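Peer 1: One file is attached below, upload_20.cif, containing mmCIF, C-alpha atoms.
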```
data_run
#
loop_
_atom_site.group_PDB
_atom_site.id
_atom_site.type_symbol
_atom_site.label_atom_id
_atom_site.label_comp_id
_atom_site.auth_asym_id
_atom_site.auth_seq_id
_atom_site.Cartn_x
_atom_site.Cartn_y
_atom_site.Cartn_z
ATOM 1 C CA MET A 2 -5.681 52.501 166.014
ATOM 2 C CA GLY A 3 -5.736 48.733 165.702
ATOM 3 C CA SER A 4 -2.968 47.532 168.006
ATOM 4 C CA GLU A 5 -2.010 48.639 171.471
ATOM 5 C CA PRO A 6 1.264 50.576 171.693
ATOM 6 C CA LYS A 7 4.262 48.730 173.121
ATOM 7 C CA LEU A 8 5.869 50.148 176.267
ATOM 8 C CA SER A 9 9.454 49.534 177.363
ATOM 9 C CA VAL A 10 10.916 50.862 180.620
ATOM 10 C CA LEU A 11 13.327 53.773 180.189
ATOM 11 C CA PHE A 12 13.617 54.849 183.848
ATOM 12 C CA THR A 13 12.403 52.827 186.843
ATOM 13 C CA SER A 14 10.599 54.417 189.768
ATOM 14 C CA ASP A 15 13.832 54.032 191.794
ATOM 15 C CA GLU A 16 15.829 55.952 189.155
ATOM 16 C CA ILE A 17 13.141 58.652 189.075
ATOM 17 C CA GLU A 18 13.165 58.873 192.877
ATOM 18 C CA ALA A 19 16.954 59.302 192.901
ATOM 19 C CA ALA A 20 16.655 62.143 190.357
ATOM 20 C CA VAL A 21 13.884 63.825 192.393
ATOM 21 C CA ASN A 22 15.979 63.530 195.575
ATOM 22 C CA ARG A 23 18.978 65.112 193.822
ATOM 23 C CA LEU A 24 16.856 67.955 192.421
ATOM 24 C CA ALA A 25 15.252 68.593 195.817
ATOM 25 C CA ALA A 26 18.715 68.870 197.410
ATOM 26 C CA GLU A 27 19.799 71.404 194.759
ATOM 27 C CA ILE A 28 16.588 73.426 195.151
ATOM 28 C CA ARG A 29 16.845 73.350 198.979
ATOM 29 C CA ARG A 30 20.390 74.719 198.699
ATOM 30 C CA ASP A 31 19.313 77.589 196.404
ATOM 31 C CA TYR A 32 15.885 78.511 197.800
ATOM 32 C CA LEU A 33 16.170 78.139 201.568
ATOM 33 C CA ASN A 34 14.809 81.325 203.225
ATOM 34 C CA LYS A 35 13.497 82.675 199.881
ATOM 35 C CA ASN A 36 9.849 81.506 200.130
ATOM 36 C CA PRO A 37 9.755 80.671 196.411
ATOM 37 C CA ILE A 38 6.667 80.176 194.318
ATOM 38 C CA LEU A 39 6.777 76.914 192.382
ATOM 39 C CA ILE A 40 4.761 77.071 189.181
ATOM 40 C CA ALA A 41 3.817 73.638 187.917
ATOM 41 C CA VAL A 42 2.941 73.344 184.256
ATOM 42 C CA LEU A 43 -0.098 71.079 183.981
ATOM 43 C CA LYS A 44 -0.932 68.396 183.399
ATOM 44 C CA GLY A 45 2.311 66.486 182.982
ATOM 45 C CA SER A 46 4.253 67.844 185.967
ATOM 46 C CA PHE A 47 1.737 67.180 188.748
ATOM 47 C CA ILE A 48 3.219 63.868 189.958
ATOM 48 C CA PHE A 49 6.761 65.252 189.772
ATOM 49 C CA LEU A 50 5.666 68.371 191.696
ATOM 50 C CA ALA A 51 3.942 66.316 194.407
ATOM 51 C CA ASP A 52 7.028 64.157 194.959
ATOM 52 C CA LEU A 53 9.395 67.134 194.779
ATOM 53 C CA ILE A 54 7.640 69.422 197.281
ATOM 54 C CA ARG A 55 7.417 66.665 199.898
ATOM 55 C CA ARG A 56 11.225 66.808 199.957
ATOM 56 C CA LEU A 57 11.406 70.600 200.349
ATOM 57 C CA ASP A 58 11.367 71.478 204.048
ATOM 58 C CA PHE A 59 11.054 75.253 203.836
ATOM 59 C CA PRO A 60 8.223 77.732 203.196
ATOM 60 C CA LEU A 61 7.059 77.820 199.591
ATOM 61 C CA GLU A 62 3.928 78.413 197.572
ATOM 62 C CA ILE A 63 2.474 76.448 194.689
ATOM 63 C CA GLU A 64 0.859 77.757 191.534
ATOM 64 C CA PHE A 65 -0.416 75.985 188.462
ATOM 65 C CA ALA A 66 -0.450 77.003 184.834
ATOM 66 C CA GLN A 67 -1.715 75.140 181.833
ATOM 67 C CA LEU A 68 -0.357 75.631 178.358
ATOM 68 C CA SER A 69 -1.476 74.106 175.116
ATOM 69 C CA SER A 70 0.935 73.112 172.372
ATOM 70 C CA TYR A 71 0.107 69.528 171.510
ATOM 71 C CA GLU A 72 -3.062 68.873 169.594
ATOM 72 C CA ARG A 73 -3.613 65.104 169.698
ATOM 73 C CA GLY A 74 -1.018 62.421 169.243
ATOM 74 C CA THR A 75 2.723 62.849 169.414
ATOM 75 C CA GLU A 76 3.531 65.958 167.367
ATOM 76 C CA SER A 77 3.422 69.547 168.571
ATOM 77 C CA SER A 78 1.127 71.940 166.743
ATOM 78 C CA GLY A 79 3.724 74.715 167.097
ATOM 79 C CA LYS A 80 1.026 77.050 168.426
ATOM 80 C CA ILE A 81 1.267 77.752 172.148
ATOM 81 C CA LYS A 82 -1.314 79.419 174.325
ATOM 82 C CA VAL A 83 -1.833 79.963 178.038
ATOM 83 C CA VAL A 84 -4.966 78.015 178.914
ATOM 84 C CA GLN A 85 -4.687 78.745 182.660
ATOM 85 C CA ASP A 86 -2.347 81.446 183.928
ATOM 86 C CA VAL A 87 -0.854 81.779 187.411
ATOM 87 C CA GLN A 88 -3.311 83.401 189.800
ATOM 88 C CA SER A 89 -0.762 84.818 192.270
ATOM 89 C CA ASN A 90 1.159 88.029 191.791
ATOM 90 C CA ILE A 91 4.755 86.880 191.225
ATOM 91 C CA LYS A 92 6.260 90.380 190.978
ATOM 92 C CA GLY A 93 9.350 90.495 193.178
ATOM 93 C CA ARG A 94 9.034 86.789 194.056
ATOM 94 C CA HIS A 95 11.499 83.970 193.396
ATOM 95 C CA ALA A 96 9.706 81.816 190.825
ATOM 96 C CA LEU A 97 10.638 78.273 189.855
ATOM 97 C CA VAL A 98 8.845 76.671 186.907
ATOM 98 C CA ILE A 99 8.315 72.916 187.262
ATOM 99 C CA GLU A 100 8.084 70.999 183.968
ATOM 100 C CA ASP A 101 7.778 67.315 183.117
ATOM 101 C CA ILE A 102 9.715 67.474 179.839
ATOM 102 C CA ILE A 103 11.587 69.930 177.651
ATOM 103 C CA ASP A 104 11.191 68.705 174.091
ATOM 104 C CA THR A 105 11.612 71.302 171.332
ATOM 105 C CA GLY A 106 11.935 74.140 173.864
ATOM 106 C CA PHE A 107 9.155 76.212 172.273
ATOM 107 C CA THR A 108 6.671 75.813 175.134
ATOM 108 C CA ALA A 109 9.202 76.453 177.917
ATOM 109 C CA ALA A 110 10.690 79.478 176.139
ATOM 110 C CA PHE A 111 7.207 80.890 175.526
ATOM 111 C CA PHE A 112 6.154 80.394 179.158
ATOM 112 C CA LEU A 113 9.375 81.785 180.645
ATOM 113 C CA ASP A 114 9.013 84.914 178.465
ATOM 114 C CA HIS A 115 5.376 85.176 179.583
ATOM 115 C CA LEU A 116 6.430 84.998 183.261
ATOM 116 C CA ARG A 117 9.333 87.466 182.845
ATOM 117 C CA GLN A 118 6.753 90.113 181.921
ATOM 118 C CA LYS A 119 5.342 89.684 185.448
ATOM 119 C CA LYS A 120 8.727 90.846 186.874
ATOM 120 C CA PRO A 121 9.685 88.098 189.341
ATOM 121 C CA ALA A 122 12.821 88.648 191.479
ATOM 122 C CA SER A 123 14.257 85.519 189.868
ATOM 123 C CA LEU A 124 12.982 82.958 187.415
ATOM 124 C CA LYS A 125 14.423 79.479 187.014
ATOM 125 C CA LEU A 126 13.383 76.236 185.343
ATOM 126 C CA CYS A 127 13.298 72.733 186.814
ATOM 127 C CA SER A 128 12.464 69.877 184.457
ATOM 128 C CA LEU A 129 12.213 66.212 185.255
ATOM 129 C CA THR A 130 13.320 65.312 181.715
ATOM 130 C CA ASP A 131 15.023 66.867 178.706
ATOM 131 C CA LYS A 132 15.144 65.580 175.133
ATOM 132 C CA PRO A 133 18.173 67.466 173.725
ATOM 133 C CA SER A 134 17.987 65.742 170.326
ATOM 134 C CA ARG A 135 14.726 67.613 169.639
ATOM 135 C CA THR A 136 15.809 71.090 170.799
ATOM 136 C CA GLN A 137 14.826 73.866 168.413
ATOM 137 C CA VAL A 138 14.829 76.739 170.928
ATOM 138 C CA GLU A 139 17.601 76.833 173.522
ATOM 139 C CA VAL A 140 16.219 76.983 177.052
ATOM 140 C CA ASN A 141 18.400 77.069 180.150
ATOM 141 C CA ILE A 142 17.325 74.235 182.446
ATOM 142 C CA ASP A 143 18.573 75.216 185.899
ATOM 143 C CA TYR A 144 17.606 71.897 187.517
ATOM 144 C CA LEU A 145 17.467 68.806 185.291
ATOM 145 C CA GLY A 146 16.487 65.331 186.395
ATOM 146 C CA LEU A 147 16.952 62.956 183.470
ATOM 147 C CA THR A 148 18.010 63.140 179.826
ATOM 148 C CA VAL A 149 15.902 61.104 177.420
ATOM 149 C CA PRO A 150 16.574 59.857 173.885
ATOM 150 C CA ASP A 151 14.587 60.976 170.850
ATOM 151 C CA LYS A 152 11.681 58.694 171.718
ATOM 152 C CA PHE A 153 8.141 59.423 172.832
ATOM 153 C CA ILE A 154 7.905 58.826 176.590
ATOM 154 C CA VAL A 155 4.984 58.235 178.949
ATOM 155 C CA GLY A 156 4.427 57.562 182.627
ATOM 156 C CA TYR A 157 5.014 59.415 185.889
ATOM 157 C CA GLY A 158 2.570 62.125 184.804
ATOM 158 C CA ILE A 159 3.602 62.233 181.143
ATOM 159 C CA ASP A 160 0.849 61.163 178.784
ATOM 160 C CA TRP A 161 0.052 60.068 175.295
ATOM 161 C CA ASP A 162 -3.414 61.316 174.362
ATOM 162 C CA GLU A 163 -4.289 61.465 178.116
ATOM 163 C CA LYS A 164 -3.236 57.836 178.657
ATOM 164 C CA PHE A 165 -0.403 56.328 180.759
ATOM 165 C CA ARG A 166 0.049 59.265 183.212
ATOM 166 C CA ASN A 167 -0.523 56.911 186.160
ATOM 167 C CA LEU A 168 2.392 54.556 185.427
ATOM 168 C CA PRO A 169 5.094 54.676 188.151
ATOM 169 C CA ASP A 170 8.017 54.284 185.719
ATOM 170 C CA ILE A 171 8.890 56.264 182.575
ATOM 171 C CA TYR A 172 8.450 54.228 179.421
ATOM 172 C CA VAL A 173 9.273 54.605 175.752
ATOM 173 C CA LEU A 174 6.111 54.360 173.696
ATOM 174 C CA GLU A 175 6.649 52.319 170.526
ATOM 175 C CA GLN A 176 3.879 52.778 167.977
#
```
Could you render the structure as structure tokens?

Peer 2:
Amino acid sequence: MGSEPKLSVLFTSDEIEAAVNRLAAEIRRDYLNKNPILIAVLKGSFIFLADLIRRLDFPLEIEFAQLSSYERGTESSGKIKVVQDVQSNIKGRHALVIEDIIDTGFTAAFFLDHLRQKKPASLKLCSLTDKPSRTQVEVNIDYLGLTVPDKFIVGYGIDWDEKFRNLPDIYVLEQ
């Protein structure tokens, strides 16, 4: 690629923080005294998870899962696989999946179906961002931070070819 991609701010770190604070308040309300297990989908959700759990002042556990759906670049391959599954037994537990973005819905729907087979007491989805213009599979997002336009975004954990995860704001990537 000859030229560097252009980045323009979509959400500032202050706007992201306000969304995380709102989500944490909603999750506190619903999960107090339930000792939930939060399942972060790697790699994109790790910064969101870290900021979110510091605002949750009740007992909880953390798990990580890694799925693969994007090959390289900006388009999904359409093939989804579990690269790293949850290690804990979630049967009978209140499970909350933490995602960075819901794009087409394929990955989230696949992973939620995968987790339902493990028979949790409840299973909900929290996503920092949603791109409704790209939805191909309807997924119920129980806790949603920000709605994004049909643009490729990076920053705050979200990458493009493993780049830009470390940016504090969320940017639109113009190629």

Peer 1: List as a list of chain:residue names the protein and nucleic acid residues near range 127-138 of chain A, meaning an atom at most 7 Å away when only C-alpha atoms are counted, but skip any in the same chain fewer than 2 places from it.

Peer 2: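 In the requested format, the answer is A:Leu97, A:Val98, A:Ile99, A:Glu100, A:Asp101, A:Ile102, A:Ile103, A:Asp104, A:Thr105, A:Gly106, A:Phe107, A:Lys125, A:Val140, A:Ile142, A:Asp143, A:Tyr144, A:Leu145, A:Gly146, A:Leu147, A:Thr148, A:Val149, A:Pro150, A:Asp151.
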
Peer 1: For CA of Leu43 in chain A and CA of Leu113 in chain A, determine how far apart the two atoms are, in Å to one decimal place.

Peer 2: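 About the pair CA of Leu43 in chain A and CA of Leu113 in chain A: they are 14.7 Å apart.
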
Peer 1: So which residues touch Leu33 in chain A within 10 Å, counting all atoms listed in the file, skipping near sequence neighbours fewer than 3 positions away, as a list in words?

Peer 2: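 Within the cut-off, the hits are Ile28, Arg29, Arg30, Asn36, Pro37, Leu57, Asp58, Phe59, Pro60 and Leu61 of chain A.
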
Peer 1: Between A:Val10, A:Leu39, A:Glu5, A:Ile91, which residue has the minimum interatomic distance to Val155 in chain A, considering only C-alpha atoms?

Peer 2: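 Closest to Val155 in chain A, using only C-alpha atoms: A:Val10.
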
Peer 1: State, in Å with one decimal place, the distance from CA of Ser69 in chain A to CA of Lys82 in chain A.

Peer 2: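 Pair CA of Ser69 in chain A / CA of Lys82 in chain A returns 5.4 Å.
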
Peer 1: Pick out the closest residue to Glu18 in chain A from this set: A:Leu68, A:Ala110, A:Val83, A:Ile171. Count all atoms listed in the file.

Peer 2: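 Nearest candidate to Glu18 in chain A out of A:Leu68, A:Ala110, A:Val83, A:Ile171: A:Ile171.
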
Peer 1: Calculated over only C-alpha atoms, which of the candidates A:Ser14, A:Ser46, A:Ser89, A:Asn167 has the smallest distance to Ile63 in chain A?

Peer 2: A:Ser89

Peer 1: Can you spell out as a PyMOL selection string the set of residues that the PyMOL selection byres ((chain A and resi 153) around 8) selects in the structure I just provided?

Peer 2: chain A and resi 75+151-152+154-155+173-175

Peer 1: Go ahead and find all residues with at least one atom no further than 12 Å from (1.6, 57.4, 185.1) in the file's coordinates, using only C-alpha atoms; report them as a tab-separated table (two decimals) with C-alpha atoms, in the frame of the given file.

Peer 2:
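Result file follows (out.tsv):
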```tsv
chain	number	residue	atom	x	y	z
A	13	THR	CA	12.40	52.83	186.84
A	14	SER	CA	10.60	54.42	189.77
A	44	LYS	CA	-0.93	68.40	183.40
A	45	GLY	CA	2.31	66.49	182.98
A	46	SER	CA	4.25	67.84	185.97
A	47	PHE	CA	1.74	67.18	188.75
A	48	ILE	CA	3.22	63.87	189.96
A	49	PHE	CA	6.76	65.25	189.77
A	101	ASP	CA	7.78	67.32	183.12
A	154	ILE	CA	7.90	58.83	176.59
A	155	VAL	CA	4.98	58.24	178.95
A	156	GLY	CA	4.43	57.56	182.63
A	157	TYR	CA	5.01	59.42	185.89
A	158	GLY	CA	2.57	62.12	184.80
A	159	ILE	CA	3.60	62.23	181.14
A	160	ASP	CA	0.85	61.16	178.78
A	161	TRP	CA	0.05	60.07	175.30
A	163	GLU	CA	-4.29	61.46	178.12
A	164	LYS	CA	-3.24	57.84	178.66
A	165	PHE	CA	-0.40	56.33	180.76
A	166	ARG	CA	0.05	59.26	183.21
A	167	ASN	CA	-0.52	56.91	186.16
A	168	LEU	CA	2.39	54.56	185.43
A	169	PRO	CA	5.09	54.68	188.15
A	170	ASP	CA	8.02	54.28	185.72
A	171	ILE	CA	8.89	56.26	182.58
A	172	TYR	CA	8.45	54.23	179.42
```

Peer 1: Please indicate the distance in Å from CA of Lys119 in chain A to CA of Ala96 in chain A, rounded to one decimal place.

Peer 2: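 Going from CA of Lys119 in chain A over to CA of Ala96 in chain A, I get 10.5 Å.
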
Peer 1: Applying 8 Å and all atoms listed in the file, which residues near Asp86 in chain A remain after dropping the ones on its own chain fewer than 5 positions away? List them as an NGL selection string.

Peer 2: :A and (65-67)

Peer 1: Mind checking which residues fall within 12 Å of Gly93 in chain A, counting all atoms listed in the file, ignoring those fewer than 6 positions away in the same chain, and posting them as a PDB file with C-alpha atoms, in the coordinates of the input?

Peer 2:
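Result file out-v5.pdb:
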```pdb
ATOM      1  CA  LYS A  35      13.497  82.675 199.881  1.00  0.00           C
ATOM      2  CA  ASN A  36       9.849  81.506 200.130  1.00  0.00           C
ATOM      3  CA  PRO A  37       9.755  80.671 196.411  1.00  0.00           C
ATOM      4  CA  ILE A  38       6.667  80.176 194.318  1.00  0.00           C
ATOM      5  CA  LEU A 116       6.430  84.998 183.261  1.00  0.00           C
ATOM      6  CA  ARG A 117       9.333  87.466 182.845  1.00  0.00           C
ATOM      7  CA  GLN A 118       6.753  90.113 181.921  1.00  0.00           C
ATOM      8  CA  LYS A 119       5.342  89.684 185.448  1.00  0.00           C
ATOM      9  CA  LYS A 120       8.727  90.846 186.874  1.00  0.00           C
ATOM     10  CA  PRO A 121       9.685  88.098 189.341  1.00  0.00           C
ATOM     11  CA  ALA A 122      12.821  88.648 191.479  1.00  0.00           C
ATOM     12  CA  SER A 123      14.257  85.519 189.868  1.00  0.00           C
ATOM     13  CA  LEU A 124      12.982  82.958 187.415  1.00  0.00           C
TER      14      LEU A 124
END
```
